[in-house]
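S.K.: So here's upload_31.txt, just compact mmCIF, C-alpha atoms:
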```txt
# COMPACT_ATOMS: atom_id res chain seq x y z
CA MET A 773 0.00 0.00 0.00
CA PRO A 774 1.35 3.49 -0.83
CA VAL A 775 2.01 5.86 2.08
CA VAL A 776 -0.33 8.86 1.80
CA GLY A 777 -0.55 11.81 4.17
CA SER A 778 0.37 15.40 4.90
CA HIS A 779 2.19 17.35 7.60
CA GLN A 780 1.30 20.82 8.89
CA TYR A 781 3.75 22.97 10.83
CA PRO A 782 2.50 24.96 13.82
CA THR A 783 2.49 28.74 14.20
CA MET A 784 5.28 28.57 16.76
CA GLU A 785 8.68 30.21 16.42
CA SER A 786 10.94 28.48 18.93
CA VAL A 787 11.42 26.08 21.82
CA ILE A 788 14.22 27.17 24.15
CA TYR A 789 15.46 24.48 26.52
CA GLY A 790 17.93 24.07 29.37
CA LYS A 791 18.34 27.82 30.03
CA PRO A 792 17.14 29.61 33.21
CA ALA A 793 13.58 30.80 32.64
CA ALA A 794 14.16 34.40 33.78
CA GLU A 795 17.12 34.85 31.44
CA ALA A 796 15.41 33.24 28.48
CA LEU A 797 12.21 35.28 28.94
CA ARG A 798 14.12 38.55 29.22
CA GLU A 799 15.88 37.77 25.94
CA GLU A 800 12.60 36.86 24.24
CA ALA A 801 10.86 40.03 25.47
CA GLU A 802 13.75 42.08 24.10
CA ARG A 803 13.67 40.21 20.79
CA LEU A 804 9.93 40.79 20.41
CA GLY A 805 10.09 44.41 21.52
CA ALA A 806 7.59 43.82 24.31
CA LYS A 807 7.16 46.76 26.73
CA ARG A 808 4.17 45.58 28.84
CA VAL A 809 4.57 41.92 29.86
CA TYR A 810 1.62 40.40 31.74
CA LEU A 811 2.43 37.30 33.80
CA ILE A 812 -0.13 34.57 34.49
CA ALA A 813 1.62 32.43 37.08
CA SER A 814 1.11 29.40 39.25
CA ARG A 815 0.17 30.55 42.75
CA THR A 816 2.58 28.04 44.28
CA LEU A 817 5.48 29.37 42.20
CA ASN A 818 4.50 32.97 42.95
CA THR A 819 3.96 32.66 46.69
CA THR A 820 6.31 29.91 47.89
CA THR A 821 9.35 30.19 45.59
CA ASP A 822 11.59 32.92 44.17
CA GLU A 823 11.00 31.87 40.56
CA ILE A 824 8.34 34.44 39.61
CA GLU A 825 10.15 37.24 41.44
CA ASN A 826 13.31 36.31 39.52
CA ILE A 827 11.32 36.66 36.30
CA ARG A 828 9.89 40.02 37.35
CA THR A 829 13.38 41.24 38.26
CA ALA A 830 14.78 40.10 34.92
CA LEU A 831 11.96 41.88 33.05
CA GLY A 832 12.43 45.09 35.03
CA GLU A 833 10.30 47.91 33.66
CA ARG A 834 8.81 45.55 31.09
CA HIS A 835 6.76 43.81 33.80
CA ALA A 836 3.18 45.14 33.75
CA ALA A 837 1.31 42.92 36.25
CA THR A 838 1.03 39.39 37.64
CA PHE A 839 -2.06 37.21 38.18
CA ASP A 840 -1.77 33.96 40.15
CA GLY A 841 -5.34 32.77 40.71
CA VAL A 842 -6.10 30.38 37.83
CA PRO A 843 -8.09 27.39 39.14
CA GLN A 844 -7.80 23.80 38.02
CA HIS A 845 -9.85 23.22 34.84
CA THR A 846 -9.48 26.91 33.78
CA THR A 847 -12.88 28.61 34.16
CA ARG A 848 -14.59 31.19 31.99
CA GLY A 849 -15.09 33.52 34.93
CA VAL A 850 -11.39 33.71 35.74
CA VAL A 851 -10.12 34.08 32.19
CA THR A 852 -12.49 36.94 31.44
CA GLN A 853 -11.37 38.61 34.69
CA ILE A 854 -7.72 38.24 33.65
CA ALA A 855 -8.46 39.59 30.17
CA ARG A 856 -9.97 42.74 31.59
CA GLN A 857 -6.96 43.33 33.82
CA ALA A 858 -4.48 42.59 31.02
CA LYS A 859 -6.34 45.02 28.75
CA ASP A 860 -6.37 47.69 31.49
CA VAL A 861 -2.57 47.49 31.90
CA ARG A 862 -2.11 47.60 28.09
CA ALA A 863 -0.35 44.23 27.92
CA ASP A 864 1.54 43.62 24.68
CA LEU A 865 2.83 40.14 25.63
CA VAL A 866 1.21 37.49 27.86
CA VAL A 867 3.44 34.95 29.59
CA ALA A 868 2.16 31.76 31.23
CA VAL A 869 4.36 30.28 33.97
CA GLY A 870 2.89 27.12 35.43
CA GLY A 871 0.87 24.05 34.53
CA GLY A 872 -1.70 23.27 31.87
CA SER A 873 -4.50 25.34 33.42
CA VAL A 874 -2.29 28.44 33.46
CA VAL A 875 -1.21 27.87 29.85
CA ASP A 876 -4.81 27.37 28.69
CA ALA A 877 -5.83 30.54 30.51
CA ALA A 878 -3.17 32.56 28.70
CA LYS A 879 -4.29 31.24 25.32
CA ILE A 880 -7.93 32.17 25.70
CA VAL A 881 -7.06 35.48 27.38
CA LEU A 882 -5.48 36.53 24.07
CA MET A 883 -8.84 36.09 22.37
CA CYS A 884 -10.84 37.67 25.17
CA MET A 885 -8.59 40.74 24.92
CA GLU A 886 -8.93 40.84 21.15
CA HIS A 887 -12.74 40.63 21.23
CA GLU A 888 -13.14 42.51 24.53
CA ILE A 889 -14.88 39.53 26.11
CA PHE A 890 -14.97 40.41 29.80
CA GLU A 891 -17.98 38.34 30.94
CA PRO A 892 -18.23 34.50 30.92
CA MET A 893 -21.19 34.28 28.56
CA GLY A 894 -19.26 36.32 25.99
CA LEU A 895 -17.41 33.15 24.94
CA ASP A 896 -20.62 31.52 23.70
CA GLY A 897 -20.41 30.79 19.99
CA PHE A 898 -16.61 30.72 19.86
CA GLU A 899 -16.17 27.13 21.05
CA THR A 900 -14.92 24.34 18.79
CA THR A 901 -17.60 21.84 17.74
CA PRO A 902 -17.50 18.56 15.79
CA ASP A 903 -18.31 20.45 12.59
CA ARG A 904 -16.17 23.55 13.29
CA ARG A 905 -12.52 23.12 14.24
CA PHE A 906 -11.73 26.81 14.72
CA GLY A 907 -14.01 29.33 16.39
CA PRO A 908 -14.81 32.59 14.57
CA PHE A 909 -11.96 34.47 16.27
CA ARG A 910 -9.94 37.31 14.77
CA THR A 911 -6.17 36.95 14.81
CA PRO A 912 -5.06 38.35 18.19
CA LYS A 913 -2.80 41.39 18.24
CA VAL A 914 -1.19 40.19 21.48
CA ARG A 915 0.65 36.84 21.57
CA MET A 916 2.01 34.67 24.36
CA ILE A 917 5.04 32.77 25.65
CA ALA A 918 4.72 29.62 27.77
CA ILE A 919 7.06 28.47 30.56
CA PRO A 920 5.57 25.13 31.68
CA SER A 921 6.15 23.67 35.14
CA THR A 922 4.38 20.37 34.40
CA LEU A 923 4.45 17.94 31.48
CA SER A 924 0.85 18.06 30.21
CA GLY A 925 2.04 19.51 26.89
CA GLY A 926 -0.89 21.83 26.17
CA GLU A 927 1.55 24.61 25.30
CA TYR A 928 2.43 22.80 22.07
CA ASN A 929 -0.95 23.27 20.42
CA SER A 930 -3.29 26.12 19.61
CA GLY A 931 -6.31 24.93 21.57
CA ALA A 932 -7.42 25.86 25.08
CA LEU A 933 -9.69 23.93 27.42
CA VAL A 934 -12.01 26.20 29.39
CA THR A 935 -14.75 25.09 31.78
CA ASP A 936 -18.22 26.62 31.70
CA THR A 937 -19.02 26.17 35.40
CA SER A 938 -22.71 26.99 34.89
CA ARG A 939 -23.06 23.80 32.81
CA LYS A 940 -20.16 21.79 34.30
CA LEU A 941 -18.84 21.44 30.76
CA LYS A 942 -15.27 21.74 29.57
CA GLN A 943 -15.05 23.17 26.04
CA ILE A 944 -12.28 23.60 23.48
CA PHE A 945 -11.48 26.99 21.98
CA ASN A 946 -9.04 27.09 19.11
CA HIS A 947 -7.30 29.44 16.70
CA PRO A 948 -3.90 28.88 15.03
CA MET A 949 -2.48 32.05 16.59
CA MET A 950 -3.34 30.96 20.12
CA MET A 951 -0.16 28.88 19.85
CA PRO A 952 2.66 30.37 21.94
CA ARG A 953 5.30 32.20 19.95
CA SER A 954 7.97 30.64 22.15
CA ILE A 955 8.13 27.89 24.76
CA ILE A 956 10.83 27.98 27.42
CA LEU A 957 11.80 24.67 29.08
CA ASP A 958 13.68 25.16 32.33
CA PRO A 959 13.98 21.92 34.32
CA ALA A 960 14.88 23.87 37.48
CA ILE A 961 11.43 25.47 37.62
CA THR A 962 9.79 22.02 37.71
CA LYS A 963 11.40 20.90 40.97
CA TYR A 964 8.55 22.52 42.95
CA THR A 965 5.89 20.50 41.15
CA PRO A 966 4.30 17.87 43.46
CA GLU A 967 5.29 14.31 42.58
CA LYS A 968 1.80 13.08 41.65
CA LEU A 969 1.23 16.11 39.43
CA TRP A 970 4.63 15.69 37.78
CA LEU A 971 4.20 11.98 37.11
CA GLY A 972 0.52 12.27 36.21
CA SER A 973 1.08 15.13 33.78
CA GLY A 974 3.85 13.03 32.23
CA THR A 975 1.33 10.29 31.46
CA ARG A 976 -0.94 13.00 30.05
CA ALA A 977 1.90 13.96 27.71
CA MET A 978 2.18 10.29 26.74
CA ASP A 979 -1.52 10.42 25.85
CA HIS A 980 -0.71 12.87 23.06
CA GLY A 981 1.95 10.57 21.64
CA ILE A 982 -0.04 7.35 21.93
CA GLU A 983 -3.19 8.80 20.36
CA ALA A 984 -1.13 10.33 17.54
CA ILE A 985 0.56 7.01 16.77
CA CYS A 986 -2.83 5.25 16.87
CA SER A 987 -4.66 8.05 15.06
CA SER A 988 -7.23 7.54 12.33
CA ARG A 989 -5.10 9.88 10.22
CA PRO A 990 -1.46 9.00 10.97
CA ASN A 991 1.63 10.81 9.77
CA VAL A 992 5.04 9.17 9.26
CA LEU A 993 7.01 12.10 10.71
CA VAL A 994 4.68 12.34 13.70
CA ASP A 995 5.00 8.59 14.35
CA ALA A 996 8.78 8.76 14.50
CA VAL A 997 8.91 11.87 16.71
CA CYS A 998 6.17 10.67 19.07
CA GLN A 999 7.81 7.28 19.55
CA GLN A 1000 11.02 9.04 20.59
CA GLY A 1001 9.03 11.33 22.87
CA LEU A 1002 7.43 8.35 24.58
CA ARG A 1003 10.88 6.83 25.13
CA TYR A 1004 12.15 10.05 26.74
CA LEU A 1005 9.10 10.14 29.02
CA TYR A 1006 9.23 6.45 29.93
CA ASP A 1007 12.86 6.76 30.95
CA GLY A 1008 12.63 10.23 32.51
CA LEU A 1009 9.54 9.60 34.62
CA ARG A 1010 11.01 6.46 36.14
CA ARG A 1011 14.28 8.29 36.90
CA THR A 1012 12.59 11.31 38.48
CA LYS A 1013 10.41 9.04 40.62
CA ASP A 1014 13.58 7.39 41.93
CA ASN A 1015 15.45 10.71 42.25
CA PRO A 1016 13.39 13.93 42.13
CA ASN A 1017 16.60 16.00 42.08
CA ASP A 1018 17.81 14.47 38.80
CA GLU A 1019 17.66 17.63 36.66
CA ALA A 1020 18.83 15.82 33.53
CA ALA A 1021 15.92 13.39 33.88
CA ARG A 1022 13.54 16.32 34.31
CA LEU A 1023 14.80 17.87 31.08
CA SER A 1024 14.41 14.47 29.41
CA CYS A 1025 10.75 14.49 30.49
CA GLN A 1026 10.29 18.01 29.12
CA LEU A 1027 11.79 17.01 25.78
CA GLY A 1028 9.55 13.95 25.75
CA SER A 1029 6.48 16.08 26.36
CA TRP A 1030 7.49 18.33 23.45
CA MET A 1031 8.02 15.41 21.07
CA SER A 1032 4.88 13.58 22.17
CA ALA A 1033 2.84 16.67 21.32
CA PHE A 1034 4.08 16.65 17.74
CA GLY A 1035 0.83 15.11 16.52
CA LEU A 1036 -1.24 17.89 18.05
CA GLN A 1037 1.08 20.45 16.46
CA SER A 1038 0.54 18.79 13.10
CA ARG A 1039 -3.24 18.54 13.59
CA VAL A 1040 -3.22 14.76 13.67
CA PRO A 1041 -6.58 14.00 15.31
CA MET A 1042 -6.65 12.62 18.83
CA GLY A 1043 -9.24 10.09 20.03
CA ALA A 1044 -11.37 8.82 22.87
CA SER A 1045 -8.82 9.22 25.66
CA HIS A 1046 -8.77 12.96 25.03
CA ALA A 1047 -12.55 13.18 24.67
CA ILE A 1048 -13.28 11.24 27.86
CA GLY A 1049 -10.48 12.92 29.80
CA HIS A 1050 -11.87 16.36 29.10
CA VAL A 1051 -15.29 15.30 30.37
CA LEU A 1052 -13.88 13.63 33.47
CA GLY A 1053 -12.25 16.95 34.32
CA GLY A 1054 -15.02 19.38 33.44
CA THR A 1055 -17.99 17.26 34.54
CA CYS A 1056 -16.59 15.06 37.32
CA ASP A 1057 -13.79 17.27 38.71
CA VAL A 1058 -11.12 14.61 38.17
CA PRO A 1059 -7.66 16.20 38.11
CA HIS A 1060 -6.57 16.38 34.48
CA TYR A 1061 -3.27 14.71 35.26
CA PHE A 1062 -5.02 11.51 36.46
CA CYS A 1063 -7.32 11.08 33.44
CA THR A 1064 -4.84 9.26 31.19
CA ALA A 1065 -3.70 6.99 34.00
CA VAL A 1066 -7.22 5.67 34.57
CA MET A 1067 -8.51 5.69 30.97
CA MET A 1068 -5.72 4.90 28.49
CA PRO A 1069 -5.52 1.11 29.08
CA SER A 1070 -9.26 0.77 28.43
CA VAL A 1071 -9.17 3.06 25.38
CA LEU A 1072 -6.31 1.00 23.93
CA ARG A 1073 -8.31 -2.19 24.52
CA TYR A 1074 -11.38 -0.72 22.81
CA ASN A 1075 -9.31 0.53 19.86
CA LEU A 1076 -7.28 -2.66 19.39
CA PRO A 1077 -9.28 -3.97 16.38
CA ALA A 1078 -8.40 -0.80 14.42
CA THR A 1079 -4.88 -0.17 15.73
CA GLN A 1080 -3.09 -3.49 16.19
CA THR A 1081 0.07 -2.51 14.29
CA ALA A 1082 0.30 0.90 15.95
CA GLN A 1083 -0.20 -0.62 19.38
CA ARG A 1084 2.71 -3.01 18.85
CA SER A 1085 5.02 -0.01 18.43
CA VAL A 1086 3.55 1.58 21.58
CA ALA A 1087 4.07 -1.59 23.60
CA ALA A 1088 7.70 -1.75 22.44
CA VAL A 1089 8.35 1.69 23.95
CA PHE A 1090 7.26 0.29 27.33
CA GLY A 1091 9.68 -2.60 27.02
CA ALA A 1092 6.96 -5.12 26.13
CA PRO A 1093 7.03 -5.62 22.34
CA GLY A 1094 5.01 -8.83 22.48
CA ARG A 1095 2.52 -7.64 25.08
CA ASP A 1096 -0.84 -5.92 24.77
CA ALA A 1097 -0.22 -2.13 24.77
CA GLY A 1098 -3.01 -1.51 27.27
CA GLU A 1099 -1.51 -4.02 29.70
CA ALA A 1100 1.98 -2.55 29.22
CA PHE A 1101 0.70 0.96 29.93
CA ALA A 1102 -1.27 -0.23 32.97
CA ALA A 1103 1.86 -1.86 34.37
CA PHE A 1104 3.75 1.41 33.93
CA ILE A 1105 1.01 3.33 35.75
CA ALA A 1106 1.24 0.86 38.63
CA GLU A 1107 5.02 1.34 38.74
CA LEU A 1108 4.52 5.12 39.06
CA GLY A 1109 1.99 4.64 41.86
CA LEU A 1110 -0.81 6.54 40.08
CA PRO A 1111 -4.57 5.76 40.23
CA ARG A 1112 -5.56 2.97 37.86
CA ARG A 1113 -9.38 2.84 37.87
CA LEU A 1114 -12.24 5.32 37.71
CA ALA A 1115 -13.25 4.27 41.21
CA ASP A 1116 -9.81 5.42 42.42
CA VAL A 1117 -10.63 9.00 41.34
CA GLY A 1118 -14.18 9.02 42.68
CA VAL A 1119 -16.13 8.32 39.48
CA ALA A 1120 -18.91 5.74 40.00
CA GLU A 1121 -21.01 4.01 37.36
CA ASP A 1122 -23.97 6.29 38.02
CA ARG A 1123 -22.01 9.05 36.21
CA PHE A 1124 -21.25 6.99 33.10
CA GLU A 1125 -24.38 7.95 31.14
CA LEU A 1126 -23.70 11.68 31.58
CA ILE A 1127 -20.03 11.25 30.72
CA GLY A 1128 -21.01 9.38 27.56
CA LYS A 1129 -23.47 12.09 26.55
CA ASN A 1130 -20.98 14.92 27.08
CA ALA A 1131 -18.11 13.05 25.40
CA MET A 1132 -20.18 12.81 22.21
CA LEU A 1133 -19.88 16.62 21.94
CA SER A 1134 -16.10 16.36 21.52
CA ILE A 1135 -14.35 16.62 18.16
CA PHE A 1136 -12.02 13.83 19.34
CA THR A 1137 -14.83 11.30 19.73
CA ALA A 1138 -15.63 11.49 16.03
CA ALA A 1139 -11.94 10.99 15.20
CA ASN A 1140 -11.42 7.87 17.33
CA PRO A 1141 -9.90 5.08 15.21
CA GLN A 1142 -12.43 2.48 16.37
CA PRO A 1143 -15.82 4.08 15.60
CA ILE A 1144 -17.83 5.56 18.46
CA ARG A 1145 -21.37 6.03 17.22
CA GLU A 1146 -23.36 6.68 20.39
CA PRO A 1147 -22.98 7.43 24.10
CA GLY A 1148 -23.32 3.71 24.81
CA ASP A 1149 -19.96 3.11 23.10
CA ILE A 1150 -18.33 5.56 25.52
CA VAL A 1151 -20.01 3.74 28.39
CA LYS A 1152 -18.44 0.48 27.17
CA ILE A 1153 -14.99 2.06 27.49
CA LEU A 1154 -15.84 3.46 30.92
CA LYS A 1155 -16.95 0.05 32.15
CA LEU A 1156 -13.57 -1.38 31.14
CA ALA A 1157 -12.00 1.22 33.47
CA ALA A 1158 -14.52 0.96 36.33
```
Turn this file's structure into structure tokens for me.

M.R.:
Amino acid sequence: MPVVGSHQYPTMESVIYGKPAAEALREEAERLGAKRVYLIASRTLNTTTDEIENIRTALGERHAATFDGVPQHTTRGVVTQIARQAKDVRADLVVAVGGGSVVDAAKIVLMCMEHEIFEPMGLDGFETTPDRRFGPFRTPKVRMIAIPSTLSGGEYNSGALVTDTSRKLKQIFNHPMMMPRSIILDPAITKYTPEKLWLGSGTRAMDHGIEAICSSRPNVLVDAVCQQGLRYLYDGLRRTKDNPNDEAARLSCQLGSWMSAFGLQSRVPMGASHAIGHVLGGTCDVPHYFCTAVMMPSVLRYNLPATQTAQRSVAAVFGAPGRDAGEAFAAFIAELGLPRRLADVGVAEDRFELIGKNAMLSIFTAANPQPIREPGDIVKILKLAA
């Protein structure tokens, strides 16, 4: 069979790795000519470490303001509040320093500033739907830089997950220019990240790579890069669990997260693990970094009829070339000491019907390699993870 496909490059200029975050950001702000830098930071980093103060000092007069109150599962109410403040201080560059929720907040803040959306309901009509990949956003005048402290990898794509708390629904908002202009990887800034969050977000990064390799629309370049990314993560996560002070292993994890996200950068469609994970977070309040741990083995089992060859390459990364990929991944999760079942994260079977209904609204459900035609198919996957 001939190999057919295409590859799209993201609207991202650079990934800077291994350099102190404050120094790298100062250089980027100078390069971009930014005069009013607005920081959206992790509260832990801002209040219990010197990292954010080091960044403010390095920026000097370029620093405009800092916000450190982004909640888990990034809410509409908070991002519209940030947008108003960023607009008031005339921000010309937004910088996210923290985990996936902080990065997602920065992305959507760009669009809220552009469209002067300062109330939660103002985002209605801009969300991504199964028949509309990009919302009707204008190109934002203000762009962003991301300095991640976890491994979730959301900084490597142009989408943002934002929760509508009034409906308990997490939605995707997307525009190509929501992609950060630059991403700065400083392993030193990750040493404050709690172990479960670090390891769990690493498995979330693996989710990107596994679903890209098993995608309904694969890409030969993405396959090669994602396989290497999974290897970096598999090795790096085990090493950092054994020795949290191993900075080289932390950088290895960061590089693995970057490579594993290559499919998202190239718009290779993700599948059911992403769709269900988003609902578990927005509807059931499951921490995002535990969603892959509890769902991926069951998703792999459901998708096996359509992805046998791809799953063999995934299993090989986990040192089990002749083993079922779902079993190999589950064994790795057990080794890391992360939750393995939905019951472990407080999701009982009485929530399955609602999860199935909400997951059908996701663009990723339609792209799953093994067809998902109705909420009942989602429930079948959930029961495998119960």

S.K.: Work out how far CA of Thr922 (chain A) is from CA of Ala996 (chain A), in Å to one decimal.

M.R.: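 Separation of CA of Ala996 (chain A) and CA of Thr922 (chain A): 23.5 Å.
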
S.K.: Rank nothing, just name the residue among A:Thr838, A:Leu933, A:Gln1083, A:Ile956 nearest to Arg1095 (chain A), using only C-alpha atoms.

M.R.: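 Residue with the minimum atom-to-atom distance to Arg1095 (chain A): A:Gln1083.
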
S.K.: Could you name the residues that touch region 858-870 of chain A at 6 Å or less, counting all atoms listed in the file, but leaving out those on the same chain fewer than 5 positions away, as an MDAnalysis selection string?

M.R.: chainID A and resid 808:814 875 878 914:921

S.K.: My list of candidates is A:Ile1105, A:Leu941, A:Val881, A:Ile955. Which is closest to Met978 (chain A) when distances are computed with only C-alpha atoms?

M.R.: A:Ile1105

S.K.: List the neighbours of region 1036-1039 of chain A out to 9 Å using all atoms listed in the file; skip same-chain residues closer than 2 positions along the sequence, and give me the result as a VMD selection string.

M.R.: chain A and resid 778 to 783 928 to 930 980 to 981 984 991 994 1032 to 1034 1041 to 1042

S.K.: Taking all atoms listed in the file into account, which of A:Arg1084, A:Arg1022, A:Lys1013, A:His1046 comes nearest Ala1139 (chain A)?

M.R.: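 Nearest candidate to Ala1139 (chain A) out of A:Arg1084, A:Arg1022, A:Lys1013, A:His1046: A:His1046.
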
S.K.: Within 12 Å of Phe1101 (chain A), counting only C-alpha atoms, which residues qualify if same-chain residues fewer than 3 places away don't, as a PyMOL selection string?

M.R.: chain A and resi 975+978-979+982+1002+1006+1064-1073+1083-1084+1086-1093+1095-1098+1104-1108+1110+1112

S.K.: Considering all atoms listed in the file, can you say which of A:Leu993, A:Ala855, A:Ala1157, A:Ala1131 comes closest to Asp1116 (chain A)?

M.R.: A:Ala1157

S.K.: Between A:Ser987, A:Gln943, A:Ser1029, A:Asn1075, which has the minimum distance to Gly1053 (chain A) (counting all atoms listed in the file)?

M.R.: A:Gln943

S.K.: Restricting the calculation to only C-alpha atoms, which member of A:Glu1121, A:Asp876, A:Glu833, A:Asp896 is positioned closest to Ala806 (chain A)?

M.R.: A:Glu833

S.K.: If you count all atoms listed in the file, which residues fall within 10 Å of Glu967 (chain A), apart from same-chain ones fewer than 2 positions away, as a list in words?

M.R.: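 Listing them by chain and then by number gives Lys963, Tyr964, Thr965, Leu969, Trp970, Leu971, Gly972, Ser973, Thr1012, Lys1013, Pro1016 and Leu1108 of chain A.
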
S.K.: Could you give me, as a VMD selection string, the residues within 9 Å of region 904-910 of chain A, counting all atoms listed in the file and dropping anything in the same chain fewer than 5 positions from it?

M.R.: chain A and resid 883 886 to 887 897 to 899 931 945 to 948 1135

S.K.: Could you please determine the separation between CA of Ile1048 (chain A) and CA of Ser873 (chain A) in Å, to one decimal place?

M.R.: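 Computed distance, CA of Ile1048 (chain A) to CA of Ser873 (chain A), equals 17.5 Å.
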
S.K.: In Å to one decimal, how far is CA of Asp936 (chain A) from CA of Thr1055 (chain A)?

M.R.: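 Computing it gives 9.8 Å between the two atoms.
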